Every structure is written in structure tokens, then in C-alpha cells.
$ cat protein.json   # JSON, C-alpha atoms
[["chain", "number", "residue", "atom", "x", "y", "z"],
["A", 1, "MET", "CA", 6.42, -11.00, 4.07],
["A", 2, "ALA", "CA", 6.41, -10.04, 7.72],
["A", 3, "LYS", "CA", 7.44, -6.57, 8.75],
["A", 4, "ASP", "CA", 10.90, -6.27, 10.28],
["A", 5, "ASP", "CA", 10.03, -5.41, 13.89],
["A", 6, "ALA", "CA", 13.53, -4.94, 15.27],
["A", 7, "GLN", "CA", 13.65, -1.64, 17.15],
["A", 8, "PRO", "CA", 16.79, 0.50, 17.06],
["A", 9, "ASP", "CA", 18.43, 2.23, 19.97],
["A", 10, "PRO", "CA", 16.53, 5.56, 19.62],
["A", 11, "GLU", "CA", 19.29, 7.90, 20.71],
["A", 12, "ARG", "CA", 21.96, 6.17, 18.66],
["A", 13, "ALA", "CA", 19.71, 6.14, 15.59],
["A", 14, "ILE", "CA", 18.94, 9.85, 15.97],
["A", 15, "GLU", "CA", 22.64, 10.59, 16.29],
["A", 16, "LEU", "CA", 23.36, 8.65, 13.08],
["A", 17, "LEU", "CA", 20.43, 10.17, 11.17],
["A", 18, "TRP", "CA", 20.95, 13.76, 12.21],
["A", 19, "GLY", "CA", 24.68, 13.85, 12.81],
["A", 20, "ALA", "CA", 27.15, 15.65, 10.60],
["A", 21, "SER", "CA", 27.76, 13.83, 7.34],
["A", 22, "GLU", "CA", 31.18, 12.26, 6.98],
["A", 23, "PRO", "CA", 33.48, 13.15, 4.08],
["A", 24, "ASP", "CA", 33.37, 10.81, 1.10],
["A", 25, "ARG", "CA", 36.63, 8.87, 1.15],
["A", 26, "PRO", "CA", 37.78, 5.60, -0.43],
["A", 27, "GLY", "CA", 37.08, 2.35, 1.38],
["A", 28, "LEU", "CA", 34.43, 1.53, 3.93],
["A", 29, "SER", "CA", 32.14, 4.35, 5.07],
["A", 30, "LEU", "CA", 28.69, 4.73, 6.56],
["A", 31, "GLY", "CA", 27.27, 6.03, 3.27],
["A", 32, "ARG", "CA", 28.64, 3.07, 1.33],
["A", 33, "ILE", "CA", 27.33, 0.63, 3.93],
["A", 34, "VAL", "CA", 23.84, 2.13, 3.64],
["A", 35, "THR", "CA", 23.98, 1.97, -0.17],
["A", 36, "ALA", "CA", 25.06, -1.66, -0.09],
["A", 37, "ALA", "CA", 22.30, -2.53, 2.38],
["A", 38, "ILE", "CA", 19.70, -0.91, 0.11],
["A", 39, "GLU", "CA", 20.97, -3.02, -2.79],
["A", 40, "VAL", "CA", 20.61, -6.20, -0.72],
["A", 41, "ALA", "CA", 17.09, -5.28, 0.38],
["A", 42, "ASP", "CA", 16.05, -4.33, -3.16],
["A", 43, "ALA", "CA", 17.25, -7.70, -4.47],
["A", 44, "GLU", "CA", 16.23, -10.04, -1.65],
["A", 45, "GLY", "CA", 13.84, -8.21, 0.65],
["A", 46, "LEU", "CA", 14.19, -6.73, 4.11],
["A", 47, "ALA", "CA", 13.93, -10.08, 5.91],
["A", 48, "ALA", "CA", 16.97, -11.34, 4.00],
["A", 49, "LEU", "CA", 19.08, -8.33, 4.91],
["A", 50, "SER", "CA", 21.84, -8.99, 7.43],
["A", 51, "MET", "CA", 25.04, -7.34, 8.50],
["A", 52, "ARG", "CA", 26.90, -10.39, 7.18],
["A", 53, "LYS", "CA", 25.48, -9.98, 3.67],
["A", 54, "VAL", "CA", 26.39, -6.31, 3.63],
["A", 55, "ALA", "CA", 29.91, -7.11, 4.81],
["A", 56, "GLU", "CA", 30.31, -9.70, 2.05],
["A", 57, "ARG", "CA", 29.79, -6.97, -0.54],
["A", 58, "PHE", "CA", 32.92, -5.27, 0.74],
["A", 59, "GLY", "CA", 34.88, -8.48, 1.22],
["A", 60, "THR", "CA", 35.25, -7.74, 4.91],
["A", 61, "THR", "CA", 33.99, -9.08, 8.24],
["A", 62, "THR", "CA", 30.75, -8.21, 9.99],
["A", 63, "MET", "CA", 32.70, -6.76, 12.91],
["A", 64, "SER", "CA", 34.18, -4.10, 10.67],
["A", 65, "LEU", "CA", 30.69, -2.68, 10.03],
["A", 66, "TYR", "CA", 30.02, -2.14, 13.72],
["A", 67, "ARG", "CA", 32.54, 0.71, 13.73],
["A", 68, "TYR", "CA", 29.95, 2.65, 11.71],
["A", 69, "VAL", "CA", 26.52, 1.33, 12.70],
["A", 70, "PRO", "CA", 25.47, -0.66, 15.83],
["A", 71, "GLY", "CA", 23.28, -3.19, 14.03],
["A", 72, "LYS", "CA", 20.59, -3.97, 11.48],
["A", 73, "ALA", "CA", 17.83, -1.99, 13.23],
["A", 74, "GLU", "CA", 19.80, 1.26, 13.07],
["A", 75, "LEU", "CA", 20.92, 0.44, 9.53],
["A", 76, "VAL", "CA", 17.28, 0.14, 8.40],
["A", 77, "GLU", "CA", 16.57, 3.62, 9.77],
["A", 78, "LEU", "CA", 19.43, 5.01, 7.70],
["A", 79, "MET", "CA", 18.26, 3.10, 4.62],
["A", 80, "ARG", "CA", 14.76, 4.53, 4.94],
["A", 81, "ASP", "CA", 15.98, 8.09, 5.10],
["A", 82, "ALA", "CA", 18.44, 7.53, 2.26],
["A", 83, "VAL", "CA", 15.79, 6.40, -0.23],
["A", 84, "TYR", "CA", 13.59, 9.35, 0.73],
["A", 85, "GLY", "CA", 16.48, 11.56, -0.28],
["A", 86, "GLU", "CA", 16.74, 10.14, -3.80],
["A", 87, "GLY", "CA", 16.37, 13.25, -5.91],
["A", 88, "PRO", "CA", 15.28, 16.69, -4.69],
["A", 89, "VAL", "CA", 11.70, 17.44, -3.62],
["A", 90, "GLU", "CA", 10.00, 18.82, -6.72],
["A", 91, "PRO", "CA", 8.82, 22.41, -6.23],
["A", 92, "SER", "CA", 5.08, 22.83, -6.34],
["A", 93, "ASP", "CA", 4.89, 26.61, -6.52],
["A", 94, "GLY", "CA", 1.70, 27.68, -8.25],
["A", 95, "LEU", "CA", -0.05, 24.37, -7.70],
["A", 96, "GLY", "CA", -3.23, 24.00, -5.69],
["A", 97, "TRP", "CA", -3.48, 21.62, -2.76],
["A", 98, "ARG", "CA", -4.89, 18.79, -4.89],
["A", 99, "GLU", "CA", -2.29, 18.95, -7.65],
["A", 100, "GLY", "CA", 0.48, 19.26, -5.06],
["A", 101, "LEU", "CA", -0.68, 16.26, -3.03],
["A", 102, "GLU", "CA", -1.16, 14.22, -6.19],
["A", 103, "ARG", "CA", 2.44, 14.93, -7.21],
["A", 104, "TRP", "CA", 3.66, 14.04, -3.71],
["A", 105, "SER", "CA", 1.65, 10.79, -3.79],
["A", 106, "ARG", "CA", 3.01, 9.74, -7.17],
["A", 107, "ARG", "CA", 6.54, 10.37, -5.99],
["A", 108, "ALA", "CA", 5.90, 8.17, -2.94],
["A", 109, "TRP", "CA", 4.33, 5.47, -5.14],
["A", 110, "GLU", "CA", 7.39, 5.37, -7.38],
["A", 111, "ARG", "CA", 9.64, 5.18, -4.30],
["A", 112, "TYR", "CA", 7.76, 2.12, -3.06],
["A", 113, "ARG", "CA", 7.99, 0.53, -6.50],
["A", 114, "ARG", "CA", 11.77, 1.03, -6.58],
["A", 115, "HIS", "CA", 12.17, -0.23, -3.00],
["A", 116, "PRO", "CA", 9.33, -2.69, -2.14],
["A", 117, "TRP", "CA", 10.94, -3.45, 1.23],
["A", 118, "LEU", "CA", 10.17, 0.08, 2.37],
["A", 119, "VAL", "CA", 6.58, -0.75, 3.38],
["A", 120, "HIS", "CA", 7.88, -3.49, 5.67],
["A", 121, "SER", "CA", 10.08, -1.00, 7.50],
["A", 122, "ALA", "CA", 7.17, 1.23, 8.50],
["A", 123, "GLY", "CA", 5.91, 1.62, 12.03],
["A", 124, "THR", "CA", 4.62, 4.13, 14.58],
["A", 125, "ARG", "CA", 8.01, 4.28, 16.31],
["A", 126, "ARG", "CA", 10.26, 4.47, 13.28],
["A", 127, "LEU", "CA", 12.54, 7.48, 13.57],
["A", 128, "PRO", "CA", 12.42, 10.05, 10.77],
["A", 129, "GLY", "CA", 15.61, 11.47, 9.38],
["A", 130, "PRO", "CA", 16.10, 14.82, 7.64],
["A", 131, "ASN", "CA", 15.04, 13.53, 4.21],
["A", 132, "ILE", "CA", 11.83, 11.99, 5.53],
["A", 133, "MET", "CA", 11.02, 15.16, 7.45],
["A", 134, "ALA", "CA", 11.68, 17.34, 4.40],
["A", 135, "GLY", "CA", 9.16, 15.33, 2.36],
["A", 136, "TYR", "CA", 6.59, 15.38, 5.16],
["A", 137, "ASP", "CA", 7.01, 19.11, 5.69],
["A", 138, "HIS", "CA", 6.55, 19.68, 1.96],
["A", 139, "ALA", "CA", 3.29, 17.69, 2.00],
["A", 140, "LEU", "CA", 2.02, 19.66, 5.00],
["A", 141, "GLU", "CA", 2.76, 22.96, 3.27],
["A", 142, "VAL", "CA", 0.90, 21.80, 0.15],
["A", 143, "ALA", "CA", -2.10, 20.55, 2.15],
["A", 144, "SER", "CA", -2.20, 23.85, 4.07],
["A", 145, "ARG", "CA", -3.19, 25.55, 0.82],
["A", 146, "SER", "CA", -6.61, 23.95, 1.25],
["A", 147, "GLY", "CA", -7.50, 26.36, 4.05],
["A", 148, "LEU", "CA", -8.35, 23.51, 6.41],
["A", 149, "ALA", "CA", -7.74, 23.73, 10.14],
["A", 150, "PRO", "CA", -4.24, 22.70, 11.32],
["A", 151, "ALA", "CA", -5.35, 19.34, 12.75],
["A", 152, "GLN", "CA", -7.22, 18.58, 9.52],
["A", 153, "VAL", "CA", -4.16, 19.40, 7.40],
["A", 154, "ILE", "CA", -2.10, 16.86, 9.34],
["A", 155, "ALA", "CA", -4.90, 14.29, 9.14],
["A", 156, "VAL", "CA", -5.22, 14.78, 5.37],
["A", 157, "VAL", "CA", -1.49, 14.22, 4.77],
["A", 158, "ASN", "CA", -1.56, 11.11, 6.96],
["A", 159, "LEU", "CA", -4.67, 9.86, 5.15],
["A", 160, "VAL", "CA", -3.20, 10.29, 1.67],
["A", 161, "GLY", "CA", 0.19, 8.91, 2.70],
["A", 162, "GLY", "CA", -1.48, 5.95, 4.40],
["A", 163, "PHE", "CA", -3.44, 5.17, 1.24],
["A", 164, "VAL", "CA", -0.28, 5.09, -0.88],
["A", 165, "GLU", "CA", 1.47, 2.85, 1.65],
["A", 166, "SER", "CA", -1.50, 0.46, 1.76],
["A", 167, "VAL", "CA", -1.64, 0.02, -2.01],
["A", 168, "ALA", "CA", 2.15, -0.35, -2.14],
["A", 169, "ARG", "CA", 2.00, -3.05, 0.51],
["A", 170, "GLN", "CA", -0.56, -5.06, -1.48],
["A", 171, "ALA", "CA", 1.40, -4.68, -4.71],
["A", 172, "GLY", "CA", 4.61, -5.67, -2.95],
["A", 173, "GLU", "CA", 3.07, -8.83, -1.52],
["A", 174, "VAL", "CA", 1.85, -9.88, -4.97],
["A", 175, "ALA", "CA", 5.26, -9.22, -6.51],
["A", 176, "GLU", "CA", 7.07, -11.10, -3.73],
["A", 177, "LEU", "CA", 4.83, -14.17, -4.11],
["A", 178, "GLN", "CA", 5.33, -14.16, -7.86],
["A", 179, "ARG", "CA", 9.09, -13.90, -7.38],
["A", 180, "SER", "CA", 9.35, -16.62, -4.72],
["A", 181, "THR", "CA", 6.98, -19.13, -6.38],
["A", 182, "GLY", "CA", 7.56, -18.41, -10.05],
["A", 183, "VAL", "CA", 3.76, -18.39, -10.54],
["A", 184, "SER", "CA", 1.97, -15.23, -11.61],
["A", 185, "HIS", "CA", -0.93, -13.85, -9.59],
["A", 186, "GLU", "CA", -3.34, -14.35, -12.50],
["A", 187, "ARG", "CA", -2.27, -17.94, -13.13],
["A", 188, "TRP", "CA", -2.53, -18.88, -9.45],
["A", 189, "TRP", "CA", -6.11, -17.66, -9.22],
["A", 190, "SER", "CA", -7.09, -19.14, -12.58],
["A", 191, "GLU", "CA", -6.19, -22.59, -11.21],
["A", 192, "ARG", "CA", -8.57, -22.37, -8.24],
["A", 193, "GLU", "CA", -11.47, -24.18, -9.91],
["A", 194, "THR", "CA", -12.35, -26.04, -6.72],
["A", 195, "LEU", "CA", -12.94, -22.69, -5.01],
["A", 196, "PHE", "CA", -14.95, -21.20, -7.88],
["A", 197, "GLU", "CA", -17.29, -24.20, -7.83],
["A", 198, "ARG", "CA", -18.32, -23.21, -4.30],
["A", 199, "LEU", "CA", -19.14, -19.58, -5.05],
["A", 200, "ASP", "CA", -22.51, -20.01, -6.78],
["A", 201, "GLY", "CA", -24.32, -19.20, -3.52],
["A", 202, "TYR", "CA", -23.21, -15.55, -3.59],
["A", 203, "PRO", "CA", -25.60, -13.74, -5.96],
["A", 204, "ALA", "CA", -24.00, -10.27, -5.91],
["A", 205, "LEU", "CA", -20.57, -11.68, -6.72],
["A", 206, "GLU", "CA", -21.97, -13.92, -9.44],
["A", 207, "LYS", "CA", -23.92, -11.05, -11.02],
["A", 208, "LEU", "CA", -20.88, -8.76, -11.15],
["A", 209, "TRP", "CA", -18.66, -11.54, -12.43],
["A", 210, "LYS", "CA", -21.07, -12.43, -15.25],
["A", 211, "ALA", "CA", -21.37, -8.71, -16.11],
["A", 212, "GLY", "CA", -17.62, -8.54, -16.68],
["A", 213, "GLY", "CA", -16.75, -6.66, -13.51],
["A", 214, "MET", "CA", -13.62, -8.75, -13.03],
["A", 215, "ASP", "CA", -12.45, -8.87, -16.63],
["A", 216, "ALA", "CA", -10.44, -5.64, -16.47],
["A", 217, "PRO", "CA", -9.83, -4.57, -12.85],
["A", 218, "LEU", "CA", -9.33, -0.85, -12.27],
["A", 219, "ASP", "CA", -5.86, 0.35, -11.37],
["A", 220, "ALA", "CA", -5.89, 0.31, -7.57],
["A", 221, "PHE", "CA", -3.54, 3.27, -7.20],
["A", 222, "GLU", "CA", -5.14, 5.54, -9.79],
["A", 223, "PHE", "CA", -8.70, 4.78, -8.69],
["A", 224, "GLY", "CA", -7.96, 5.04, -4.99],
["A", 225, "LEU", "CA", -5.90, 8.22, -5.21],
["A", 226, "ARG", "CA", -8.63, 10.05, -7.09],
["A", 227, "ARG", "CA", -11.33, 8.91, -4.68],
["A", 228, "THR", "CA", -9.20, 9.84, -1.67],
["A", 229, "LEU", "CA", -8.54, 13.34, -2.99],
["A", 230, "ASP", "CA", -12.24, 13.63, -3.93],
["A", 231, "GLY", "CA", -13.07, 12.99, -0.29],
["A", 232, "VAL", "CA", -10.70, 15.74, 0.85],
["A", 233, "GLU", "CA", -12.23, 18.08, -1.71],
["A", 234, "THR", "CA", -15.70, 17.31, -0.35],
["A", 235, "LEU", "CA", -14.48, 18.15, 3.16],
["A", 236, "ILE", "CA", -13.09, 21.49, 1.99],
["A", 237, "ALA", "CA", -16.29, 22.33, 0.11],
["A", 238, "SER", "CA", -18.48, 21.46, 3.09],
["A", 239, "GLN", "CA", -16.46, 23.68, 5.39],
["A", 240, "GLY", "CA", -16.65, 26.50, 2.86],
["A", 241, "SER", "CA", -20.44, 26.13, 2.84],
["A", 242, "GLU", "CA", -20.52, 26.33, 6.63],
["A", 243, "VAL", "CA", -18.50, 29.55, 6.58],
["A", 244, "MET", "CA", -20.81, 31.08, 3.97],
["A", 245, "ARG", "CA", -23.84, 30.00, 5.93],
["A", 246, "ASP", "CA", -22.46, 31.46, 9.14],
["A", 247, "GLU", "CA", -21.65, 34.72, 7.39],
["A", 248, "SER", "CA", -25.12, 34.92, 5.85],
["A", 249, "GLU", "CA", -26.70, 34.39, 9.24],
["A", 250, "VAL", "CA", -24.95, 37.48, 10.60],
["A", 251, "GLY", "CA", -27.44, 40.24, 9.81],
["A", 252, "ALA", "CA", -27.46, 44.00, 10.23],
["A", 253, "CYS", "CA", -28.81, 46.23, 12.95],
["A", 254, "VAL", "CA", -32.45, 47.05, 12.09],
["A", 255, "LEU", "CA", -31.93, 50.65, 13.25],
["A", 256, "CYS", "CA", -28.52, 51.84, 12.04],
["A", 257, "GLY", "CA", -27.63, 49.11, 9.53],
["A", 258, "LYS", "CA", -24.30, 48.17, 11.09],
["A", 259, "PRO", "CA", -23.41, 44.46, 10.75],
["A", 260, "LEU", "CA", -24.01, 42.36, 13.85],
["A", 261, "ASP", "CA", -21.01, 40.55, 15.32],
["A", 262, "GLY", "CA", -22.89, 37.26, 15.65],
["A", 263, "GLY", "CA", -21.40, 36.64, 19.06],
["A", 264, "GLY", "CA", -24.62, 36.66, 21.07],
["A", 265, "ARG", "CA", -26.40, 33.64, 22.51],
["A", 266, "GLY", "CA", -30.04, 32.71, 22.52],
["A", 267, "ARG", "CA", -32.49, 34.36, 20.12],
["A", 268, "PRO", "CA", -31.06, 36.21, 17.08],
["A", 269, "ARG", "CA", -30.09, 39.82, 17.75],
["A", 270, "ASP", "CA", -31.79, 42.75, 16.00],
["A", 271, "TYR", "CA", -29.62, 45.63, 17.26],
["A", 272, "CYS", "CA", -25.87, 46.23, 17.22],
["A", 273, "SER", "CA", -25.90, 47.87, 20.66],
["A", 274, "ARG", "CA", -27.98, 48.65, 23.68],
["A", 275, "ALA", "CA", -28.18, 52.28, 22.55],
["A", 276, "CYS", "CA", -29.81, 51.34, 19.23],
["A", 277, "GLN", "CA", -32.26, 49.10, 21.04],
["A", 278, "GLN", "CA", -33.32, 51.95, 23.34],
["A", 279, "ARG", "CA", -33.62, 54.43, 20.43],
["A", 280, "ALA", "CA", -35.87, 51.97, 18.59],
["A", 281, "TYR", "CA", -38.00, 51.62, 21.71],
["A", 282, "ARG", "CA", -38.39, 55.40, 22.02],
["A", 283, "GLN", "CA", -39.33, 55.70, 18.34],
["A", 284, "ARG", "CA", -42.06, 53.08, 18.73],
["A", 285, "ARG", "CA", -43.40, 54.91, 21.81],
["A", 286, "SER", "CA", -43.46, 58.25, 19.97],
["A", 287, "ARG", "CA", -45.48, 56.75, 17.12],
["A", 288, "SER", "CA", -48.03, 55.19, 19.44]]

$ encode --input "protein.json" --output "C-alpha cells"
Amino acid sequence: MAKDDAQPDPERAIELLWGASEPDRPGLSLGRIVTAAIEVADAEGLAALSMRKVAERFGTTTMSLYRYVPGKAELVELMRDAVYGEGPVEPSDGLGWREGLERWSRRAWERYRRHPWLVHSAGTRRLPGPNIMAGYDHALEVASRSGLAPAQVIAVVNLVGGFVESVARQAGEVAELQRSTGVSHERWWSERETLFERLDGYPALEKLWKAGGMDAPLDAFEFGLRRTLDGVETLIASQGSEVMRDESEVGACVLCGKPLDGGGRGRPRDYCSRACQQRAYRQRRSRS
């Protein structure tokens, strides 16, 4: 399924996302329109969503919706933020960076499973609402517990979030094909004998296949999440080693024993100050 590329009016979308919430009253309202649109997208996909289909759920005309939202593009922005606000952000007090990011990732994974259309609404110019920002801020705070530099913290959150989105996109495409064709993923591939007959010229693939490597595929989310977090852990450990190495390389003044500041350039320093260097010189002269 192709991503919905319609771009909203940025200022109008920001006003809708961050404006004061309206009171909950009977009849048509922005909140009810967003809820109905989510139901349509959950059932039929983002490409099938239209203002007309949302209006039909209320037994009203499309024009009546435009009093609340300018069009589908702005509506999608509101839908995205609404599903991010489903349930409060779970507190992660007392958890380390890895446990906290794992919990955040699993919550995102479940969100994509409930709303497969969400991956098709992503983009570099999608506007975040307060719920999306609250989740992102939470992930940044958790990742900051790693002790990494600020730019690395942001990169780590984007890396982990990007992994979850990628796996969700693949799973969503499989589910959509199964739904639209009525043929399971496994059955479709099992019927590709004409392709399999042409694969005997690929020794590595044949060896792994005969060894049972494809009999029970690993869970893509579980395997990938662990390996992604392992990579972050390796980064943290390597930076810790660099700090320890730098600290060990900072010696002490050979005369008075004070620690050296390590700020000099060129050859390693032996003295903490010019005064200690001169005293050492005088002592060597007196002994000679």
C-alpha cells in the first residue's frame, strides 16, 4: 500500500493539534470525527479513508465536516496524535535505559498492530501533536540514562523507533496482501515452484535451506529489537572504555604527586607546574 502523501496546511494543522480542546457535547464534534476516521482507516486502510466515508458514519454530508477540519490531510494529523494518546505513558522510574527503551518499543509495536495504517502516515514533514511529543520526550529521557552525548541520545531514539516502524511496515504489508487476496503469505510462497526450480545455482541459500534455516523463521521484532539494543549497549560500553583509558593516561606529577590535568599538547607531561619542573632541575644539579 502506498503511503498517503497529501500534505496538510501546516499552520492550520498546528492550530488543530495544539489548540484548546473543545467540550464533549452531543452530535458532531472534532473528537468524534477523528474517532470515526480512525475506525475507517483501521477497517479499510488509509488509502480508503475519505471525508465522504467519515460523513456517512454520522449520516451527514461531507460539507458538514469542513466546519471542523479543512480536509483529509489535516484529519490524518489529528488521527496520528489521537492513537498516540491511547492510554497514559507508562512510568519507567527505576528502569535502566535498556529496559525503558524496550518498554517504549513494545508499546509502539502494539500501536502499529492496532492501527496498521499508521506506518503509511509517516514522513519527515508530518506534524507532531502533544501526544506524539509526550511519547518522544519520554523516550529521550529514558535514553539519556545511558550517559551518551546529547546528539547520540537523539540518534539512539530515532534508531530504535525507526527499527520498530520498519518491522511494522513489513508486517502491515503482509497482512494487507492476505486481507485483499484471501491467500496467506505462507501459501502464496509455497506455490512458487517455478521460482524454486531456478534457485539451485545459489549455494549459500541452498545450504541454509537444506539445514532447516527457513523451517522456523525467527520473530523479526523480537530478534531485531534485541540486536538493536545490543548495538546501543556496545556503543555505551566503548565510550566508557575510552573515558577509563583517558583517565588512566592522566598521570601524576613526578615531583609533588599532584594529578596532571591532561590538557597539554605534544609529549606527555611529567610535572604539574613550571615551579615543580624547575625544582626537579635544581635537585638533579645538586646531586651531580

$ closest_residue --input "protein.json" --among "A:Gln277, A:Thr62, A:Ser92, A:Asn131" --to "Arg80 of chain A" --atoms "all atoms listed in the file"
A:Asn131

$ closest_residue --input "protein.json" --among "A:Leu148, A:Met133, A:Val34, A:Ala43" --to "Gln239 of chain A" --atoms "only C-alpha atoms"
A:Leu148

$ closest_residue --input "protein.json" --among "A:Gly59, A:Gly161, A:Pro128, A:Gly96" --to "Ser146 of chain A" --atoms "all atoms listed in the file"
A:Gly96

$ closest_residue --input "protein.json" --among "A:Glu102, A:Leu159, A:Val119, A:Arg126" --to "Val142 of chain A" --atoms "all atoms listed in the file"
A:Glu102

$ axis_aligned_box --input "protein.json" --around "segment 83-98 of chain A" --padding-each-side "3 Å" --output "lines of an AutoDock Vina configuration file"
center_x = 5.9
center_y = 17.0
center_z = -3.8
size_x = 27.6
size_y = 27.3
size_z = 15.0
